[in-house]
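Here is the structure we will look at, set down as C-alpha cells.
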Amino acid sequence: MATPVNSPMVGKLISVDVKVGDQVKENDPVATIEAMKMYVKIYAPASGVVKEIKANPGDVVNPDTVILTLE
Amino acid sequence: MLEQLTEAINSTGLLNLTPGNLIMWAVAFALMYLAIKKGVEPLLLVPISFGIFAANFPLTGLMEPGGLYYMFFHNGIQNELIPPLIFLGLGAMTDFGPVIANPKTLLLGAAAQLGVYAAFFTALLFGFNIAEAAVIGIIGGADGPTTIFLSANLAPHLMGAVSVAAYSYMALVPLIIPPVAKLLTTPRERAMVMKQMRPVSKGEKILFPLLASLVIILLVPKSAPLIAMFMLGNLFMESGVVQRLTDVSRNELMNIVTIFLGLGVGATMSAETFLKPQTIYIFILGIVAFAFAAAGGILIAKIMNLFTTNKVNPLIGAAGVSAVPMAARVVHMLGSEANPQNYLLMHAMGPNVAGVIGTAVAAGAFITAIH
C-alpha cells in the first residue's frame, strides 16, 4: 500500500529532497516548498521506501497535489 | 572685516552642533547598523535613520515650515496621506482566503488587540496623557503605518519614538512570540494538527473587501482612511482585471511613499523631542504591548476551543499581532517544532491578516474616543 505525500498548503515546490528507492523514516524531511516567502519542509507522514516522485521543482502545489508516494 | 569673518564662522554648522545632535547621530548610526548589517526592517530603517541623521544638522532648516523634510512630514504624514497609501499596497498583497475559510480567526485578530489596551492602561499609569497612551498602546498592534497614522492624529511629538519602537519590535517578533507562546501552551496543544482549510472561491474573495468595508466602516467610521484603502487594494488584486493597478499599488507606489514616510518620520526625531525619559518608557511599554498581544490571541484561542468542535491550535492566536507574515511564520515554526506533521502557516495567516484590520479598527476607535 502506497502512502501519498501531499503538499500541506498551496505553494511552489522548490525541491524533492529524496530519490526513488530511498528509505525514509516518519518525520524525515522529504521535500521543500515555498509559501509566504518561507521555505517549508515537508516531513514524511510514515516510514517507507520512496516509490514514485510525481511533481517537479517549480510546480505550483496545493493540498490535493501528490508530491511523491511511499511504500 | 573681522566681524564678517566671525559671522561666517558662526553660521557654519560645526559651531552650532549641540551634544543632543551628536547623541541623535549615534542613534541614527545604531539604527543604520541594525538595518544594514543585521537586516532589521531595512526598507524602513534606512530612510528613517538617514532622516534622523540629516535632521540633526544645525541650521539646515530641513524641518522648518517650508523645509524639504517638513514638506514630507507635513503633507505626507501629518495630513495622513501616506499611511493609507501604504495600506492600499498592503491590501493588494493580502490574501484573505484563510480568513474566509475560517472566519473564527477574525476573533483571534481582534483578541490580539488586548495588547494594545494593556499597554494603553499601563501608559496611563506611567503618567502619559490619554492621547499619548493611545499612541503607545497601538505599538502592540505591530503595524507601522497604523502606528504612524494614529500618532499623526493624536500625539505627533511621539511619532519618532513610537514608530521606531514598532518597527524594531516587529523585527524582534521571532524572539518575542516563542517564550510567550511556550509559557501559555502545553507541548500537546502546540502539536495539534488543524483540519484542512476549505478552498475559497473567487466570488467570495471579491465580495470580502466590500462586505468587510461595509461592516467595519459603519461600525468605526474613523478607521475609514486605512480600511477603505486596504480594501480597495484587495479588490484590485482579487478582481483580477486591473493587474497594472495591483502591481503599481504594491510595488512602485508603495516603494515611493515608503521613502517619504521614512524620511518624514526620521526627521521628527530631533534631540529635543527624542532625548527624554519618556522615550525609554515607550520602548518598555512597547514590548509589554507586544507580549500581551501574543498572549491575548493565544488565550482567546484556548477559550474559543472550549465552545467549538472544530478546534484551532492555540498557537495561531499569537499570529494576531499583525507583523505580516513574520508572526505567522514564527507560529508555523513553533508548531512544526512540536510536531513535524503540523503545518500551521496558512492557518496562522487568518489571525495574522485579521490583526491588521483589528489594529486599524483599534486606531479608529481611539480617534473617535479621544478627538
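All residue names refer to the C-alpha cells as shown: chains lettered A, B, ... in order, residues numbered from 1 in each chain, ligands numbered from 1 in order.
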Exercise for the section: Find the residues around Ile67 in chain A up to 10 Å (only C-alpha atoms counted), leave out those fewer than 3 positions away in its own chain, and share them as JSON, numbers by chain. Expected result: {"A": [4, 5, 6, 7, 13, 16, 30, 31, 42, 52, 53, 54, 55, 56, 57, 59, 61, 62, 63, 64]}
Exercise for the section: Return as a PyMOL selection string the residues belonging to chain B that are within 12 Å of chain A, counting only C-alpha atoms. Expected result: chain B and resi 93-95+97-98+193-199+324-330+332-333+336-349
Output N, CA, C and O atoms for every residue in that selection, as a tab-separated table (two decimals), in the first residue's frame.
```
chain	number	residue	atom	x	y	z
B	93	MET	N	-1.65	42.95	-1.55
B	93	MET	CA	-0.86	41.72	-1.44
B	93	MET	C	-1.37	40.83	-0.32
B	93	MET	O	-0.70	39.88	0.08
B	94	THR	N	-2.56	41.12	0.20
B	94	THR	CA	-3.08	40.31	1.29
B	94	THR	C	-4.11	39.32	0.76
B	94	THR	O	-5.05	39.70	0.09
B	95	ASP	N	-3.90	38.06	1.09
B	95	ASP	CA	-4.84	37.03	0.68
B	95	ASP	C	-5.77	36.74	1.86
B	95	ASP	O	-5.34	36.23	2.88
B	97	GLY	N	-8.05	34.63	1.86
B	97	GLY	CA	-8.53	33.25	1.81
B	97	GLY	C	-8.62	32.56	3.16
B	97	GLY	O	-9.67	32.02	3.51
B	98	PRO	N	-7.52	32.57	3.96
B	98	PRO	CA	-7.58	31.86	5.25
B	98	PRO	C	-8.65	32.42	6.19
B	98	PRO	O	-9.22	31.68	6.99
B	193	VAL	N	-2.74	19.19	15.12
B	193	VAL	CA	-2.87	19.43	13.68
B	193	VAL	C	-4.27	19.95	13.40
B	193	VAL	O	-5.25	19.42	13.92
B	194	MET	N	-4.36	20.99	12.59
B	194	MET	CA	-5.69	21.56	12.30
B	194	MET	C	-6.26	20.96	11.02
B	194	MET	O	-5.55	20.52	10.13
B	195	LYS	N	-7.59	21.00	10.98
B	195	LYS	CA	-8.29	20.46	9.82
B	195	LYS	C	-7.92	21.25	8.56
B	195	LYS	O	-7.76	22.45	8.60
B	196	GLN	N	-7.80	20.51	7.47
B	196	GLN	CA	-7.51	21.14	6.18
B	196	GLN	C	-8.51	22.27	5.90
B	196	GLN	O	-9.70	22.14	6.15
B	197	MET	N	-8.00	23.39	5.39
B	197	MET	CA	-8.89	24.51	5.10
B	197	MET	C	-9.71	24.26	3.84
B	197	MET	O	-9.21	23.65	2.90
B	198	ARG	N	-10.93	24.74	3.82
B	198	ARG	CA	-11.73	24.54	2.60
B	198	ARG	C	-11.25	25.53	1.52
B	198	ARG	O	-10.77	26.62	1.84
B	199	PRO	N	-11.38	25.12	0.25
B	199	PRO	CA	-10.99	26.07	-0.79
B	199	PRO	C	-11.96	27.25	-0.83
B	199	PRO	O	-13.14	27.10	-0.50
B	324	VAL	N	2.74	41.01	9.50
B	324	VAL	CA	2.51	40.04	8.43
B	324	VAL	C	3.76	39.91	7.57
B	324	VAL	O	4.33	40.95	7.20
B	325	PRO	N	4.20	38.75	7.13
B	325	PRO	CA	3.73	37.44	7.57
B	325	PRO	C	4.64	36.83	8.62
B	325	PRO	O	4.57	35.66	8.91
B	326	MET	N	5.51	37.70	9.20
B	326	MET	CA	6.51	37.19	10.14
B	326	MET	C	5.89	36.42	11.29
B	326	MET	O	6.35	35.33	11.65
B	327	ALA	N	4.81	36.97	11.88
B	327	ALA	CA	4.22	36.32	13.05
B	327	ALA	C	3.69	34.94	12.66
B	327	ALA	O	3.85	33.97	13.40
B	328	ALA	N	3.10	34.84	11.46
B	328	ALA	CA	2.58	33.55	11.01
B	328	ALA	C	3.71	32.55	10.82
B	328	ALA	O	3.60	31.37	11.14
B	329	ARG	N	4.83	33.04	10.32
B	329	ARG	CA	5.98	32.14	10.13
B	329	ARG	C	6.49	31.62	11.45
B	329	ARG	O	6.83	30.44	11.59
B	330	VAL	N	6.56	32.51	12.44
B	330	VAL	CA	7.06	32.09	13.75
B	330	VAL	C	6.13	31.02	14.33
B	330	VAL	O	6.58	30.01	14.87
B	332	HIS	N	4.22	29.00	12.67
B	332	HIS	CA	4.43	27.76	11.92
B	332	HIS	C	5.63	27.00	12.47
B	332	HIS	O	5.58	25.79	12.68
B	333	MET	N	6.69	27.73	12.74
B	333	MET	CA	7.90	27.08	13.23
B	333	MET	C	7.68	26.45	14.60
B	333	MET	O	8.13	25.33	14.84
B	336	SER	N	5.73	23.24	14.06
B	336	SER	CA	6.42	22.10	13.48
B	336	SER	C	7.52	21.59	14.40
B	336	SER	O	7.94	20.45	14.31
B	337	GLU	N	7.96	22.46	15.31
B	337	GLU	CA	8.91	22.01	16.33
B	337	GLU	C	8.25	20.98	17.25
B	337	GLU	O	8.87	20.00	17.64
B	338	ALA	N	6.97	21.21	17.57
B	338	ALA	CA	6.26	20.30	18.47
B	338	ALA	C	5.83	19.04	17.73
B	338	ALA	O	5.72	17.96	18.33
B	339	ASN	N	5.58	19.15	16.43
B	339	ASN	CA	5.12	18.01	15.65
B	339	ASN	C	5.41	18.30	14.18
B	339	ASN	O	4.79	19.16	13.58
B	340	PRO	N	6.37	17.56	13.61
B	340	PRO	CA	6.76	17.84	12.22
B	340	PRO	C	5.58	17.76	11.25
B	340	PRO	O	5.61	18.39	10.19
B	341	GLN	N	4.55	17.01	11.60
B	341	GLN	CA	3.41	16.87	10.69
B	341	GLN	C	2.44	18.05	10.79
B	341	GLN	O	1.36	18.02	10.23
B	342	ASN	N	2.81	19.04	11.58
B	342	ASN	CA	1.92	20.15	11.85
B	342	ASN	C	2.30	21.34	10.98
B	342	ASN	O	3.37	21.91	11.14
B	343	TYR	N	1.44	21.69	10.02
B	343	TYR	CA	1.76	22.79	9.11
B	343	TYR	C	0.79	23.94	9.37
B	343	TYR	O	-0.33	23.93	8.87
B	344	LEU	N	1.21	24.89	10.18
B	344	LEU	CA	0.27	25.93	10.64
B	344	LEU	C	0.31	27.21	9.80
B	344	LEU	O	-0.52	28.10	10.00
B	345	LEU	N	1.25	27.30	8.87
B	345	LEU	CA	1.48	28.59	8.20
B	345	LEU	C	0.19	29.24	7.69
B	345	LEU	O	-0.13	30.37	8.02
B	346	MET	N	-0.58	28.48	6.88
B	346	MET	CA	-1.78	29.08	6.29
B	346	MET	C	-2.86	29.33	7.34
B	346	MET	O	-3.59	30.32	7.27
B	347	HIS	N	-2.95	28.43	8.33
B	347	HIS	CA	-3.93	28.65	9.39
B	347	HIS	C	-3.61	29.92	10.17
B	347	HIS	O	-4.49	30.64	10.60
B	348	ALA	N	-2.31	30.18	10.34
B	348	ALA	CA	-1.90	31.36	11.10
B	348	ALA	C	-2.10	32.64	10.30
B	348	ALA	O	-2.17	33.73	10.88
B	349	MET	N	-2.19	32.53	8.97
B	349	MET	CA	-2.39	33.74	8.18
B	349	MET	C	-3.75	34.37	8.47
B	349	MET	O	-3.92	35.58	8.29
```
Practice task
Please provide the set of residues having any atom within 10 Å of Lys311 in chain B, restricted to only C-alpha atoms, with same-chain residues fewer than 2 positions apart removed, written as a ChimeraX atom specification.
Solution key: /B:192-195,301-302,304-309,313-314
Please produce an output containing N, CA, C and O atoms for each residue in the selection, written as a PDB file, in the first residue's frame.
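What ended up in again_38.pdb:
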```pdb
ATOM      1  N   MET B 192      -0.980  20.067  18.018  1.00  0.00           N
ATOM      2  CA  MET B 192      -2.275  19.784  17.414  1.00  0.00           C
ATOM      3  C   MET B 192      -2.347  20.164  15.929  1.00  0.00           C
ATOM      4  O   MET B 192      -2.057  21.287  15.539  1.00  0.00           O
ATOM      5  N   VAL B 193      -2.741  19.195  15.121  1.00  0.00           N
ATOM      6  CA  VAL B 193      -2.867  19.430  13.683  1.00  0.00           C
ATOM      7  C   VAL B 193      -4.270  19.954  13.401  1.00  0.00           C
ATOM      8  O   VAL B 193      -5.255  19.425  13.915  1.00  0.00           O
ATOM      9  N   MET B 194      -4.361  20.995  12.589  1.00  0.00           N
ATOM     10  CA  MET B 194      -5.687  21.559  12.295  1.00  0.00           C
ATOM     11  C   MET B 194      -6.260  20.956  11.020  1.00  0.00           C
ATOM     12  O   MET B 194      -5.550  20.524  10.132  1.00  0.00           O
ATOM     13  N   LYS B 195      -7.585  21.002  10.979  1.00  0.00           N
ATOM     14  CA  LYS B 195      -8.290  20.462   9.818  1.00  0.00           C
ATOM     15  C   LYS B 195      -7.924  21.246   8.559  1.00  0.00           C
ATOM     16  O   LYS B 195      -7.765  22.453   8.605  1.00  0.00           O
ATOM     17  N   ALA B 301      -7.883  32.004  21.848  1.00  0.00           N
ATOM     18  CA  ALA B 301      -7.966  30.765  21.061  1.00  0.00           C
ATOM     19  C   ALA B 301      -8.299  29.590  21.977  1.00  0.00           C
ATOM     20  O   ALA B 301      -9.116  28.721  21.639  1.00  0.00           O
ATOM     21  N   LYS B 302      -7.698  29.560  23.148  1.00  0.00           N
ATOM     22  CA  LYS B 302      -7.966  28.455  24.072  1.00  0.00           C
ATOM     23  C   LYS B 302      -9.411  28.515  24.576  1.00  0.00           C
ATOM     24  O   LYS B 302     -10.076  27.488  24.696  1.00  0.00           O
ATOM     25  N   MET B 304     -11.904  29.868  22.980  1.00  0.00           N
ATOM     26  CA  MET B 304     -12.760  29.513  21.846  1.00  0.00           C
ATOM     27  C   MET B 304     -12.865  27.991  21.708  1.00  0.00           C
ATOM     28  O   MET B 304     -13.934  27.459  21.403  1.00  0.00           O
ATOM     29  N   ASN B 305     -11.758  27.319  21.958  1.00  0.00           N
ATOM     30  CA  ASN B 305     -11.741  25.861  21.823  1.00  0.00           C
ATOM     31  C   ASN B 305     -12.685  25.174  22.796  1.00  0.00           C
ATOM     32  O   ASN B 305     -13.124  24.051  22.561  1.00  0.00           O
ATOM     33  N   LEU B 306     -12.977  25.842  23.920  1.00  0.00           N
ATOM     34  CA  LEU B 306     -13.879  25.246  24.903  1.00  0.00           C
ATOM     35  C   LEU B 306     -15.292  25.148  24.342  1.00  0.00           C
ATOM     36  O   LEU B 306     -16.076  24.306  24.754  1.00  0.00           O
ATOM     37  N   PHE B 307     -15.613  26.028  23.405  1.00  0.00           N
ATOM     38  CA  PHE B 307     -17.002  26.115  22.948  1.00  0.00           C
ATOM     39  C   PHE B 307     -17.235  25.581  21.538  1.00  0.00           C
ATOM     40  O   PHE B 307     -18.351  25.547  21.078  1.00  0.00           O
ATOM     41  N   THR B 308     -16.160  25.234  20.826  1.00  0.00           N
ATOM     42  CA  THR B 308     -16.361  24.837  19.433  1.00  0.00           C
ATOM     43  C   THR B 308     -15.886  23.406  19.206  1.00  0.00           C
ATOM     44  O   THR B 308     -15.094  22.873  19.983  1.00  0.00           O
ATOM     45  N   THR B 309     -16.410  22.810  18.137  1.00  0.00           N
ATOM     46  CA  THR B 309     -15.999  21.447  17.831  1.00  0.00           C
ATOM     47  C   THR B 309     -14.777  21.436  16.925  1.00  0.00           C
ATOM     48  O   THR B 309     -13.857  20.646  17.117  1.00  0.00           O
ATOM     49  N   ASN B 313      -5.480  25.273  16.741  1.00  0.00           N
ATOM     50  CA  ASN B 313      -4.258  25.195  17.522  1.00  0.00           C
ATOM     51  C   ASN B 313      -4.053  26.569  18.178  1.00  0.00           C
ATOM     52  O   ASN B 313      -4.002  27.583  17.480  1.00  0.00           O
ATOM     53  N   PRO B 314      -3.966  26.625  19.511  1.00  0.00           N
ATOM     54  CA  PRO B 314      -3.917  27.939  20.172  1.00  0.00           C
ATOM     55  C   PRO B 314      -2.742  28.805  19.720  1.00  0.00           C
ATOM     56  O   PRO B 314      -2.804  30.030  19.835  1.00  0.00           O
TER      57      PRO B 314
END
```
Practice task
For Ala28 in chain B, work out the shell of residues within 6 Å, counting only C-alpha atoms and skipping chain neighbours fewer than 4 positions away, then give it as a PyMOL selection string.
Solution key: chain B and resi 49+52-53
Practice task
Could you give me, as a ChimeraX atom specification, the residues within 6 Å of range 283-289 of chain B, counting only C-alpha atoms and dropping anything in the same chain fewer than 3 positions from it?
Solution key: /B:115-116,119,139-140,165,280,292
Exercise for the section: Please provide as an MDAnalysis selection string all residues within 9 Å of Gly364 in chain B, with the sequence filter that same-chain residues fewer than 3 positions apart are discarded (counting only C-alpha atoms). Expected result: chainID B and resid 150 220:224 226 359:361 367:369
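Residues in contact with range 55-68 of chain B at 7 Å, where only C-alpha atoms are counted and same-chain residues fewer than 5 positions away are skipped, are listed as Gly13, Asn16, Leu17, Asn21, Met24, Ala267 and Ser270 of chain B.
Compared by their closest atoms to Met170 in chain B, and using only C-alpha atoms, the residues B:Val248, B:Leu183, B:Ile82, B:Leu44 rank with B:Leu44 nearest.
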